[in-house]
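Structure data follow from protein.txt (compact mmCIF, C-alpha atoms):
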# COMPACT_ATOMS: atom_id res chain seq x y z
CA MET A 1 -4.59 21.60 -10.06
CA SER A 2 -3.39 19.02 -7.52
CA GLU A 3 -5.17 16.48 -5.39
CA LEU A 4 -4.34 13.36 -3.42
CA ARG A 5 -6.00 10.15 -4.48
CA PHE A 6 -5.81 6.94 -2.47
CA ASN A 7 -4.95 3.67 -4.18
CA PRO A 8 -6.90 1.02 -2.21
CA LEU A 9 -5.10 -1.78 -4.04
CA LEU A 10 -1.67 -0.78 -2.74
CA GLY A 11 -2.81 1.26 0.28
CA GLU A 12 -0.89 4.29 -0.97
CA TRP A 13 -1.58 7.94 -1.71
CA LEU A 14 -0.58 9.48 -5.03
CA ALA A 15 -0.83 13.06 -6.26
CA THR A 16 -2.29 14.36 -9.47
CA ALA A 17 -0.66 17.65 -10.52
CA THR A 18 -1.89 18.60 -13.95
CA HIS A 19 -0.32 22.09 -13.88
CA ARG A 20 3.13 20.51 -13.82
CA GLN A 21 2.70 19.62 -17.51
CA ASP A 22 3.44 23.30 -18.21
CA ARG A 23 6.64 23.62 -16.16
CA THR A 24 9.85 24.82 -17.75
CA PHE A 25 11.56 21.95 -19.57
CA LEU A 26 15.32 21.93 -20.19
CA PRO A 27 15.77 25.60 -21.08
CA PRO A 28 19.11 26.79 -22.54
CA ALA A 29 21.56 28.02 -19.87
CA ASP A 30 20.95 31.67 -20.83
CA TYR A 31 17.30 31.27 -19.90
CA CYS A 32 17.67 29.27 -16.70
CA PRO A 33 14.87 30.34 -14.32
CA LEU A 34 16.96 29.32 -11.29
CA CYS A 35 19.95 31.58 -12.06
CA PRO A 36 19.98 34.90 -10.20
CA THR A 37 18.34 37.75 -12.11
CA LYS A 38 21.00 39.83 -13.84
CA GLY A 39 20.64 43.53 -14.59
CA GLY A 40 19.07 44.13 -17.99
CA SER A 41 18.20 40.48 -18.40
CA PHE A 42 14.88 38.66 -18.05
CA PRO A 43 13.61 38.22 -14.48
CA THR A 44 14.30 34.75 -13.15
CA GLU A 45 12.78 33.15 -10.05
CA VAL A 46 15.70 34.36 -7.90
CA PRO A 47 15.72 38.15 -7.58
CA GLU A 48 19.01 38.48 -5.66
CA PRO A 49 22.50 37.21 -6.54
CA VAL A 50 24.12 37.22 -3.09
CA TYR A 51 23.65 33.98 -1.25
CA ASP A 52 25.32 30.71 -0.37
CA ILE A 53 22.18 28.59 -0.64
CA VAL A 54 18.53 29.46 -1.33
CA ALA A 55 15.37 27.53 -0.47
CA PHE A 56 11.97 28.50 -1.84
CA GLU A 57 8.54 27.13 -2.61
CA ASN A 58 8.36 25.37 -5.96
CA GLN A 59 6.53 27.37 -8.62
CA PHE A 60 4.95 24.14 -9.86
CA PRO A 61 4.30 22.23 -6.65
CA SER A 62 2.64 18.85 -6.28
CA LEU A 63 1.69 19.82 -2.72
CA ARG A 64 0.93 23.28 -1.36
CA GLN A 65 0.06 24.88 1.97
CA ASN A 66 -3.30 26.19 0.77
CA PRO A 67 -4.44 23.59 -1.74
CA GLU A 68 -7.47 23.81 -3.99
CA PHE A 69 -10.46 21.59 -3.45
CA PRO A 70 -10.12 18.34 -5.39
CA ALA A 71 -11.64 18.26 -8.88
CA ILE A 72 -13.63 15.19 -7.92
CA GLU A 73 -15.59 14.36 -4.75
CA PRO A 74 -14.82 11.31 -2.63
CA ASP A 75 -17.64 8.82 -3.06
CA GLY A 76 -17.24 6.57 -0.07
CA PHE A 77 -15.25 4.03 -2.07
CA TYR A 78 -12.56 6.16 -3.68
CA ASN A 79 -10.92 8.61 -1.29
CA VAL A 80 -9.58 11.98 -2.42
CA GLU A 81 -8.05 14.79 -0.36
CA PRO A 82 -6.64 18.27 -1.01
CA ALA A 83 -2.94 18.08 -1.88
CA ILE A 84 -1.72 19.79 1.26
CA GLY A 85 2.02 19.93 1.94
CA VAL A 86 5.08 21.91 0.89
CA CYS A 87 7.41 21.48 -2.08
CA GLU A 88 10.67 23.40 -1.83
CA VAL A 89 13.55 23.88 -4.23
CA VAL A 90 17.04 24.23 -2.72
CA LEU A 91 19.63 25.94 -4.93
CA TYR A 92 23.15 24.78 -4.11
CA SER A 93 24.88 27.79 -5.70
CA PRO A 94 24.24 30.86 -7.87
CA ASP A 95 26.66 29.26 -10.39
CA HIS A 96 24.71 27.48 -13.12
CA GLN A 97 27.68 25.38 -14.23
CA THR A 98 28.60 23.79 -10.92
CA SER A 99 27.23 20.68 -9.19
CA LEU A 100 27.22 19.35 -5.67
CA ALA A 101 30.13 17.09 -6.59
CA ALA A 102 32.14 20.05 -7.92
CA GLU A 103 31.53 22.26 -4.91
CA PRO A 104 34.15 22.43 -2.15
CA VAL A 105 33.41 20.44 0.98
CA GLU A 106 32.79 23.69 2.86
CA GLN A 107 29.81 24.38 0.60
CA ILE A 108 28.44 20.87 1.14
CA TYR A 109 28.78 21.46 4.89
CA LYS A 110 26.68 24.61 4.50
CA LEU A 111 24.08 22.58 2.62
CA VAL A 112 23.93 20.04 5.46
CA ARG A 113 23.18 22.88 7.86
CA VAL A 114 20.53 24.27 5.52
CA TRP A 115 18.94 20.81 5.25
CA ARG A 116 18.77 20.73 9.03
CA HIS A 117 17.20 24.17 9.21
CA ARG A 118 14.62 23.39 6.51
CA PHE A 119 13.78 20.09 8.27
CA GLU A 120 13.23 21.98 11.54
CA GLN A 121 11.09 24.64 9.87
CA LEU A 122 8.94 22.31 7.80
CA GLU A 123 8.12 19.87 10.56
CA LYS A 124 6.63 22.74 12.56
CA HIS A 125 3.58 22.62 10.28
CA ALA A 126 0.84 20.60 11.96
CA PHE A 127 -0.13 18.99 8.64
CA VAL A 128 3.38 17.68 7.94
CA LYS A 129 4.00 14.02 8.75
CA TYR A 130 7.20 13.49 6.80
CA VAL A 131 9.98 15.75 5.47
CA PHE A 132 11.78 14.22 2.52
CA ILE A 133 15.06 15.78 1.32
CA PHE A 134 16.23 14.58 -2.08
CA GLU A 135 18.03 15.41 -5.30
CA ASN A 136 17.39 14.32 -8.85
CA LYS A 137 20.58 14.81 -10.85
CA GLY A 138 20.84 14.42 -14.59
CA GLU A 139 18.43 14.06 -17.48
CA ALA A 140 18.63 10.28 -17.08
CA VAL A 141 16.51 10.57 -13.92
CA GLY A 142 14.15 13.18 -15.33
CA VAL A 143 15.75 16.49 -14.40
CA THR A 144 14.07 19.41 -16.21
CA LEU A 145 16.36 22.22 -14.97
CA HIS A 146 20.13 21.87 -14.96
CA HIS A 147 20.91 24.53 -12.36
CA PRO A 148 22.37 22.61 -9.39
CA HIS A 149 19.54 22.06 -6.96
CA GLY A 150 17.80 19.62 -4.70
CA GLN A 151 14.25 19.47 -3.41
CA ILE A 152 12.34 18.97 -0.19
CA TYR A 153 8.82 17.59 0.00
CA ALA A 154 6.83 17.91 3.23
CA TYR A 155 4.12 15.25 2.98
CA PRO A 156 0.86 15.03 4.95
CA PHE A 157 1.46 11.29 5.35
CA ILE A 158 4.41 8.91 5.71
CA PRO A 159 5.39 7.92 2.14
CA PRO A 160 5.30 4.18 1.35
CA VAL A 161 9.04 3.46 0.99
CA VAL A 162 9.78 4.98 4.37
CA ALA A 163 6.70 3.35 5.88
CA LYS A 164 8.00 -0.03 4.76
CA GLU A 165 11.43 0.67 6.28
CA LEU A 166 9.76 1.75 9.53
CA LYS A 167 7.78 -1.48 9.63
CA GLN A 168 10.86 -3.60 8.98
CA THR A 169 13.01 -1.79 11.54
CA SER A 170 10.25 -1.91 14.12
CA GLU A 171 9.64 -5.65 13.66
CA TYR A 172 13.38 -6.35 13.73
CA PHE A 173 13.73 -4.41 16.96
CA GLU A 174 10.83 -6.31 18.54
CA GLU A 175 12.38 -9.65 17.59
CA ASN A 176 16.03 -8.86 18.34
CA GLY A 177 16.09 -5.87 20.62
CA ARG A 178 18.49 -4.18 18.24
CA CYS A 179 18.40 -1.58 15.49
CA LEU A 180 18.29 -3.13 12.00
CA LEU A 181 20.41 -0.36 10.44
CA CYS A 182 23.00 -0.67 13.22
CA ASP A 183 23.24 -4.39 12.48
CA ILE A 184 23.45 -3.84 8.71
CA LEU A 185 26.25 -1.35 9.31
CA GLU A 186 28.06 -3.75 11.63
CA LYS A 187 27.74 -6.56 9.08
CA GLU A 188 28.95 -4.39 6.19
CA ARG A 189 31.91 -3.08 8.18
CA ALA A 190 32.89 -6.59 9.25
CA PHE A 191 32.69 -7.90 5.68
CA ALA A 192 34.41 -4.76 4.38
CA LYS A 193 34.32 -5.58 0.66
CA ARG A 194 31.27 -3.45 0.02
CA ILE A 195 32.61 -0.43 1.92
CA ILE A 196 33.52 2.56 -0.24
CA ALA A 197 34.54 5.24 2.25
CA GLU A 198 34.43 5.78 5.96
CA ASN A 199 35.18 8.38 8.58
CA GLU A 200 34.74 8.43 12.32
CA LEU A 201 31.02 9.13 12.10
CA PHE A 202 29.66 7.80 8.77
CA THR A 203 30.16 4.78 6.52
CA ALA A 204 29.42 4.63 2.77
CA TYR A 205 28.80 1.23 1.20
CA ILE A 206 26.85 -0.59 -1.48
CA PRO A 207 24.67 -2.90 0.60
CA PHE A 208 24.42 -6.66 0.20
CA PHE A 209 20.88 -6.12 -1.09
CA ALA A 210 21.55 -3.29 -3.58
CA ARG A 211 19.03 -3.02 -6.38
CA TYR A 212 21.11 -0.69 -8.59
CA PRO A 213 24.76 -1.30 -9.61
CA TYR A 214 26.02 1.84 -7.86
CA GLU A 215 23.41 2.03 -5.07
CA VAL A 216 25.48 3.67 -2.34
CA HIS A 217 24.12 4.03 1.18
CA ILE A 218 25.62 6.40 3.74
CA THR A 219 24.71 5.52 7.32
CA SER A 220 25.55 7.34 10.54
CA LYS A 221 27.58 5.29 12.98
CA ARG A 222 25.70 6.78 15.86
CA HIS A 223 22.14 5.52 16.31
CA ILE A 224 20.28 8.71 15.48
CA GLN A 225 16.98 9.24 13.76
CA ALA A 226 17.23 12.60 11.99
CA ILE A 227 19.52 15.39 10.90
CA THR A 228 18.30 17.37 13.90
CA ASP A 229 20.17 14.87 16.10
CA PHE A 230 23.51 15.77 14.48
CA ASP A 231 26.25 17.48 16.43
CA GLY A 232 28.72 19.79 14.68
CA ASP A 233 31.20 16.98 14.01
CA GLU A 234 28.50 14.93 12.30
CA GLU A 235 27.54 17.85 10.08
CA ARG A 236 31.16 18.12 8.92
CA ALA A 237 31.67 14.38 8.64
CA LEU A 238 28.56 13.97 6.48
CA ALA A 239 29.78 16.77 4.20
CA SER A 240 33.15 15.03 3.90
CA ILE A 241 31.81 11.63 2.98
CA LEU A 242 29.27 13.14 0.56
CA LYS A 243 32.12 14.97 -1.15
CA GLN A 244 34.02 11.69 -1.47
CA ILE A 245 31.11 9.69 -2.86
CA LEU A 246 29.97 12.36 -5.32
CA GLY A 247 33.55 12.77 -6.50
CA ALA A 248 33.92 9.01 -7.02
CA PHE A 249 30.62 8.96 -8.96
CA ASP A 250 31.83 11.66 -11.38
CA CYS A 251 35.19 9.94 -11.81
CA ARG A 252 33.66 6.57 -12.63
CA PHE A 253 32.83 7.43 -16.24
CA ASN A 254 34.67 10.76 -16.39
CA ARG A 255 31.50 12.79 -16.67
CA PRO A 256 28.66 14.00 -14.43
CA PHE A 257 27.06 10.95 -12.89
CA PRO A 258 23.25 10.96 -12.69
CA TYR A 259 21.59 9.84 -9.50
CA ILE A 260 18.64 10.16 -7.19
CA MET A 261 19.71 10.96 -3.64
CA ALA A 262 17.16 10.19 -0.91
CA ILE A 263 17.63 11.14 2.74
CA HIS A 264 15.72 8.77 4.99
CA GLN A 265 14.86 10.05 8.46
CA ARG A 266 12.21 9.59 11.10
CA PRO A 267 8.72 10.95 10.40
CA SER A 268 7.63 14.27 11.84
CA ASN A 269 4.60 13.14 13.80
CA SER A 270 4.97 12.06 17.39
CA GLY A 271 5.28 8.32 16.84
CA PRO A 272 7.83 6.12 18.58
CA TYR A 273 10.63 6.07 16.01
CA GLY A 274 13.58 5.30 18.31
CA ASP A 275 14.34 2.10 16.39
CA TYR A 276 14.78 3.97 13.07
CA HIS A 277 18.18 5.14 11.86
CA PHE A 278 19.32 8.09 9.68
CA HIS A 279 20.78 7.15 6.32
CA ILE A 280 21.10 8.37 2.74
CA GLU A 281 20.41 6.21 -0.30
CA PHE A 282 21.65 6.90 -3.83
CA TYR A 283 19.94 5.32 -6.83
CA PRO A 284 22.16 5.98 -9.86
CA PRO A 285 20.64 4.68 -13.12
CA MET A 286 23.98 3.92 -14.83
CA ARG A 287 25.05 0.28 -15.11
CA THR A 288 27.89 0.96 -17.56
CA ALA A 289 29.26 4.12 -19.17
CA GLU A 290 26.72 3.82 -21.96
CA LYS A 291 23.89 1.75 -20.51
CA LEU A 292 21.10 2.66 -18.15
CA LYS A 293 19.35 0.43 -15.66
CA TYR A 294 15.68 0.68 -16.65
CA LEU A 295 12.87 -0.16 -14.30
CA ALA A 296 11.12 -2.66 -16.56
CA GLY A 297 8.57 -5.44 -16.16
CA SER A 298 9.85 -7.21 -13.07
CA GLU A 299 10.87 -4.02 -11.25
CA THR A 300 7.81 -1.92 -12.11
CA GLY A 301 5.12 -4.54 -12.56
CA ALA A 302 6.08 -6.96 -9.81
CA GLY A 303 8.42 -5.00 -7.56
CA MET A 304 11.35 -7.39 -7.82
CA PHE A 305 14.57 -5.71 -8.86
CA ILE A 306 17.14 -7.51 -10.96
CA ASN A 307 20.65 -6.17 -10.42
CA ASP A 308 22.94 -7.05 -13.34
CA THR A 309 26.05 -6.63 -11.17
CA LEU A 310 27.51 -7.73 -7.86
CA PRO A 311 27.66 -5.06 -5.15
CA GLU A 312 31.13 -6.27 -4.11
CA ALA A 313 32.54 -5.57 -7.60
CA LYS A 314 30.87 -2.17 -7.96
CA ALA A 315 32.00 -1.12 -4.48
CA ALA A 316 35.59 -1.94 -5.41
CA GLU A 317 35.30 0.25 -8.50
CA LEU A 318 34.10 3.24 -6.52
CA ARG A 319 36.46 2.65 -3.58
CA ASP A 320 39.44 3.03 -5.91
CA LEU A 321 38.16 6.44 -7.00
CA VAL A 322 37.66 7.95 -3.55
CA GLU A 323 39.96 10.85 -2.81
CA PRO A 324 40.84 12.41 0.53
CA VAL A 325 38.89 15.52 1.46
CA GLU A 326 40.74 18.64 2.43
CA TRP A 327 39.12 21.44 4.37
CA LYS A 328 40.39 24.96 4.02
CA LYS A 329 42.28 26.28 7.01
CA LYS A 330 40.90 29.50 8.37
CA MET B 1 43.48 -5.58 0.03
CA LEU B 2 40.92 -2.92 0.80
CA ARG B 3 42.03 0.66 0.68
CA LEU B 4 39.82 2.95 2.72
CA ARG B 5 40.59 6.60 2.60
CA LYS B 6 39.53 8.55 5.61
CA THR B 7 38.19 12.06 5.39
CA MET B 8 39.73 14.91 7.27
CA ALA B 9 36.49 15.71 9.03
CA ASP B 10 38.07 15.21 12.40
CA GLU B 11 41.04 17.34 11.54
CA THR B 12 38.98 20.36 10.63
CA ASN B 13 40.67 23.67 11.32
CA ASP B 14 38.78 24.57 14.48
CA ASN B 15 35.69 23.91 16.49
CA GLU B 16 34.03 27.13 15.54
CA THR B 17 30.81 26.96 13.63
CA GLU B 18 30.28 29.68 11.08
CA LYS B 19 27.23 31.77 11.78
CA MET B 20 24.32 30.95 9.48
CA ASN B 21 22.42 34.04 8.39
CA VAL B 22 18.82 33.46 7.34
CA ARG B 23 16.77 36.04 5.45
CA GLU B 24 13.27 35.34 4.17
CA ILE B 25 11.45 37.33 1.51
CA THR B 26 8.03 36.97 -0.08
CA LEU B 27 7.87 36.80 -3.87
CA SER B 28 5.22 38.67 -5.86
CA ASP B 29 3.11 35.50 -6.19
CA GLY B 30 3.13 34.95 -2.42
CA ARG B 31 5.74 32.19 -2.25
CA TYR B 32 8.51 32.45 0.32
CA MET B 33 12.20 32.42 -0.54
CA VAL B 34 14.86 31.92 2.14
CA PHE B 35 18.42 33.15 1.53
CA TYR B 36 21.22 31.52 3.51
CA THR B 37 24.64 33.11 3.89
CA PHE B 38 27.39 32.02 6.27
CA GLY B 39 29.89 33.93 8.34
CA ASP B 40 30.20 37.68 8.34
CA GLU B 41 27.69 38.82 5.73
CA ASP B 42 29.84 41.86 4.87
CA GLU B 43 32.85 39.75 4.05
CA LEU B 44 31.62 36.37 2.95
CA ILE B 45 29.45 35.89 -0.09
CA ARG B 46 30.03 32.21 -0.64
CA ALA B 47 32.81 29.69 -0.99
CA PRO B 48 34.23 29.66 -4.52
CA THR B 49 33.45 26.70 -6.71
CA ILE B 50 36.22 24.49 -7.98
CA LYS B 51 35.66 26.05 -11.40
CA GLU B 52 36.21 29.49 -9.96
CA GLN B 53 39.24 28.37 -8.03
CA ARG B 54 40.77 27.05 -11.23
CA LYS B 55 40.41 30.49 -12.82
CA ASP B 56 42.79 31.78 -10.17
CA VAL B 57 45.47 29.24 -10.98
Transcribe the structure of this file into structure tokens.
Amino acid sequence: MSELRFNPLLGEWLATATHRQDRTFLPPADYCPLCPTKGGSFPTEVPEPVYDIVAFENQFPSLRQNPEFPAIEPDGFYNVEPAIGVCEVVLYSPDHQTSLAAEPVEQIYKLVRVWRHRFEQLEKHAFVKYVFIFENKGEAVGVTLHHPHGQIYAYPFIPPVVAKELKQTSEYFEENGRCLLCDILEKERAFAKRIIAENELFTAYIPFFARYPYEVHITSKRHIQAITDFDGDEERALASILKQILGAFDCRFNRPFPYIMAIHQRPSNSGPYGDYHFHIEFYPPMRTAEKLKYLAGSETGAGMFINDTLPEAKAAELRDLVEPVEWKKK
Amino acid sequence: MLRLRKTMADETNDNETEKMNVREITLSDGRYMVFYTFGDEDELIRAPTIKEQRKDV
């Protein structure tokens, strides 16, 4: 049972999803529900083994296309709505043991194209106002299935973090006549010490205002609003810089590096979003090899993050671990 | 001194874009599942993982 409840204190929607309490939790690899079904074995969620990438509706969704009626009626003070939307799972490979970081850049390029296709398909739904592509990697950020995968949520509203960015970028544009993300990128590139990797079309950096020690942002050099604005070179260049950053993450402590990856794009309704700018944000919870950055009192209760590190120092650490990317010749 | 390593994105083999094949099925509980394969479906299953490549070494 899911429903959307509105928090009048924060002006935000949240979802209840009581059925998700029963979802599969850290099964052994032999019983992974996201591996392809093998002959003579138990049926998994994926009936066919031959694919590069698979996208499908989550078996335990927070939002669904035909939602139930809410368990409780709105009363004129508290607002509640059916939890309409789409929750997709995107499997990066049939191989249970791999990860996005371990995949060749050609496979990441394929994923970029699949992201684009899913974005195009999902925003066709009239009820969809925002398509959010993301990945939770590692038990440290709450992963319940280890098979390499990401997720896509198609929300019936613009979620609050993006709404705040839209407000900031819009106000900045009104005051300065320029894109805020373009100016951040220009500032970071001029300063250079927080840059981690760069190609002709994207820059990866830990921003001046990072909240997490290894909070890498990847921003397109061209002022574009969504993955649907990419040309073929940008699809390849994003795959290349993702491969570099994910590789540097895994090298940092010589083991798989947990993170949340969030792709921030324009909303899917018809608003004027020309002053917004495509970028990806990573929120890794590690602050040292053995210590996690917890969201505690100040972060959770007041909303002010305390970063125990300097972005300039953490960027230098990652920059030294970035390797060149080599594409296979055909 | 900063050391920025550039990717080879601009030196990619060619300008061809591999064909993306999309096949959608409906699962027994009504959910959709979309399979993506790239290139010639008869020849290309998927790019090998690094782990698989290492097996060949």
Exercise for the section: Select, from B:Glu18, B:Glu24, B:Thr37, B:Asp29, the residue with the minimum atom-to-atom distance to chain A, counting only C-alpha atoms. Expected result: B:Thr37
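Between atom CA of A:Gly232 and atom CA of B:Asn21 lies a distance of 16.8 Å.
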Handout entry: atom CA of A:Phe173 to atom CA of A:Ala190, distance in Å rounded to a single decimal
Key =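 Computed distance, atom CA of A:Phe173 to atom CA of A:Ala190, equals 20.8 Å.
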Would you kindly return, as a PDB file with C-alpha atoms, in the frame of the given file, each protein, DNA or RNA residue with an atom no farther than 10 Å from any atom of A:Ala102, considering only C-alpha atoms and excluding same-chain residues fewer than 2 positions away?
ATOM      1  CA  GLN A  97      27.680  25.380 -14.230  1.00  0.00           C
ATOM      2  CA  THR A  98      28.600  23.790 -10.920  1.00  0.00           C
ATOM      3  CA  SER A  99      27.230  20.680  -9.190  1.00  0.00           C
ATOM      4  CA  LEU A 100      27.220  19.350  -5.670  1.00  0.00           C
ATOM      5  CA  PRO A 104      34.150  22.430  -2.150  1.00  0.00           C
ATOM      6  CA  VAL A 105      33.410  20.440   0.980  1.00  0.00           C
ATOM      7  CA  GLN A 107      29.810  24.380   0.600  1.00  0.00           C
ATOM      8  CA  ILE A 108      28.440  20.870   1.140  1.00  0.00           C
ATOM      9  CA  LYS A 243      32.120  14.970  -1.150  1.00  0.00           C
ATOM     10  CA  LEU A 246      29.970  12.360  -5.320  1.00  0.00           C
ATOM     11  CA  GLY A 247      33.550  12.770  -6.500  1.00  0.00           C
ATOM     12  CA  ASP A 250      31.830  11.660 -11.380  1.00  0.00           C
ATOM     13  CA  PRO A 256      28.660  14.000 -14.430  1.00  0.00           C
TER      14      PRO A 256
ATOM     15  CA  THR B  49      33.450  26.700  -6.710  1.00  0.00           C
ATOM     16  CA  ILE B  50      36.220  24.490  -7.980  1.00  0.00           C
ATOM     17  CA  LYS B  51      35.660  26.050 -11.400  1.00  0.00           C
TER      18      LYS B  51
END
Practice task
For chain A, list the residues within 7 Å of chain B, counting all atoms listed in the file, and write the list as a PyMOL selection string.
Solution key: chain A and resi 50-57+102-104+107+196-199+236-237+240-241+322-327+329-330
Practice task
Between atom CA of A:Pro159 and atom CA of A:Arg118, measure the distance and give it in Å to one decimal.
Solution key: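 Answer for the atom CA of A:Pro159 to atom CA of A:Arg118 separation: 18.5 Å.
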Handout entry: Residue nearest A:Glu3 among A:Tyr92, A:Phe25, A:Phe69, A:Phe209 (counting only C-alpha atoms)
Key =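 Among A:Tyr92, A:Phe25, A:Phe69, A:Phe209, it is A:Phe69 that comes nearest to A:Glu3.
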Handout entry: Residues near A:Glu81, cut-off 10 Å, all atoms listed in the file, skip fewer than 3 positions along chain, as a PyMOL selection string
Key = chain A and resi 2-6+13+15+67-74+84
For the residues in that selection, give me C-alpha atoms as a PDB file, keeping the file's coordinate frame.
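out00.pdb written:
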ATOM      1  CA  SER A   2      -3.390  19.020  -7.520  1.00  0.00           C
ATOM      2  CA  GLU A   3      -5.170  16.480  -5.390  1.00  0.00           C
ATOM      3  CA  LEU A   4      -4.340  13.360  -3.420  1.00  0.00           C
ATOM      4  CA  ARG A   5      -6.000  10.150  -4.480  1.00  0.00           C
ATOM      5  CA  PHE A   6      -5.810   6.940  -2.470  1.00  0.00           C
ATOM      6  CA  TRP A  13      -1.580   7.940  -1.710  1.00  0.00           C
ATOM      7  CA  ALA A  15      -0.830  13.060  -6.260  1.00  0.00           C
ATOM      8  CA  PRO A  67      -4.440  23.590  -1.740  1.00  0.00           C
ATOM      9  CA  GLU A  68      -7.470  23.810  -3.990  1.00  0.00           C
ATOM     10  CA  PHE A  69     -10.460  21.590  -3.450  1.00  0.00           C
ATOM     11  CA  PRO A  70     -10.120  18.340  -5.390  1.00  0.00           C
ATOM     12  CA  ALA A  71     -11.640  18.260  -8.880  1.00  0.00           C
ATOM     13  CA  ILE A  72     -13.630  15.190  -7.920  1.00  0.00           C
ATOM     14  CA  GLU A  73     -15.590  14.360  -4.750  1.00  0.00           C
ATOM     15  CA  PRO A  74     -14.820  11.310  -2.630  1.00  0.00           C
ATOM     16  CA  ILE A  84      -1.720  19.790   1.260  1.00  0.00           C
TER      17      ILE A  84
END
